[in-house]
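Inspection log for the structure reproduced underneath, given as structure tokens.
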Amino acid sequence: RLISMGKPVCIIPARAGSKRLPGKNMAVLGGKPLLAWAIDTALRAGIFEEVVVSSDDPKALLLAEGTDGVIASERPAELCGDNVRAEVVFQYEVAQLTNKPDIVCMSMPTAPFTGADSLMNAYNYMVEARLNGVFLGVATNHNSMRTVSVDVAGNVTPVHGLGGWRGSINAQSQDLDPTYQPTYGGMFIKTDMLLEAPYYYAFHNQGMYEVPQWQ
């Protein structure tokens, strides 16, 4: 795959297996599969040199092969298991590129409402601010500073540690800083950082581009 160094590449992971919702990436929404929505959004963004669909699903690969500007990459069986993290697949697919771009992006089919303009704006923000990574994020409905985890024995532990818990428990909710979560519709990162370690978040100098709740 001959890739220009000047434009990023988008990787769309779309394996066949899913325990919670079998075949989810090819599930139909609004008349077309979720994967088709992700492909269309990436192409309309106009920022990617190539869009690569990584899958072991013959239907997904056929869809990719039949779309101009999209590369179908048949994923090895060892990268299709339930315990294989998406970022490992992301790293693998980027490693296969002949000439690697400076920035790569992972976009999940399960974020079908992602806007093409959101991808474009997030990428431009990363370049202009000279960040190592940017992800699309949405404000959480409830501030996560007060969230807790509960283990099998019923023990409650503040997710942000006792320091975060004590600092927020006595504060008025309107005084707490907003919290955000990734949409997984777009995770941009510098290629060399991804190849060093399979994470789609930069270890430092990480940014976020906020998108509307509906995305």
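Residues are named by chain letter and number: chains run A, B, ... in the order of the structure tokens, numbers start at 1 in each chain, and ligands are numbered from 1 in the order shown.
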
Original post:
DSSP on the backbone: what in region 14-136 of chain A comes out strand (DSSP E or B), as JSON, numbers by chain?
Top reply: {"A": [28, 29, 32, 33, 50, 51, 52, 53, 54, 55, 70, 71, 72, 73, 74, 103, 104, 105, 106, 133, 134, 135, 136]}

Original post:
Do you know which residues are at most 12 Å from Gly137 (chain A) counting only C-alpha atoms, after dropping those on the same chain fewer than 5 positions away, and could you put them as a list of chain:residue names?
Top reply: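 Answer for this query is A:Ala111, A:Thr114, A:Ser118, A:Leu119, A:Ala122, A:Pro178, A:Thr179, A:Tyr180, A:Gln181, A:Pro182, A:Thr183, A:Tyr184, A:Gly185, A:Gly186, A:Met187, A:Phe188, A:Gly207, A:Met208, A:Tyr209, A:Glu210, A:Val211, A:Pro212, A:Gln213, A:Trp214, A:Gln215.
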
Subject >> Polymer residues at most 8 Å from Asp82 (chain A), only C-alpha atoms, same-chain spacing of 4 or more positions, as an MDAnalysis selection string >> reply: chainID A and resid 17:19

Original post:
Looking at only C-alpha atoms, which of A:Leu195, A:Ala27, A:Ala38, A:Val138 is the one that sits closest to Gly115 (chain A)?
Top reply: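 For Gly115 (chain A), the nearest of the given residues is A:Ala38.
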
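Separating CA of Phe90 (chain A) from CA of Ile11 (chain A) is a distance of 6.7 Å.
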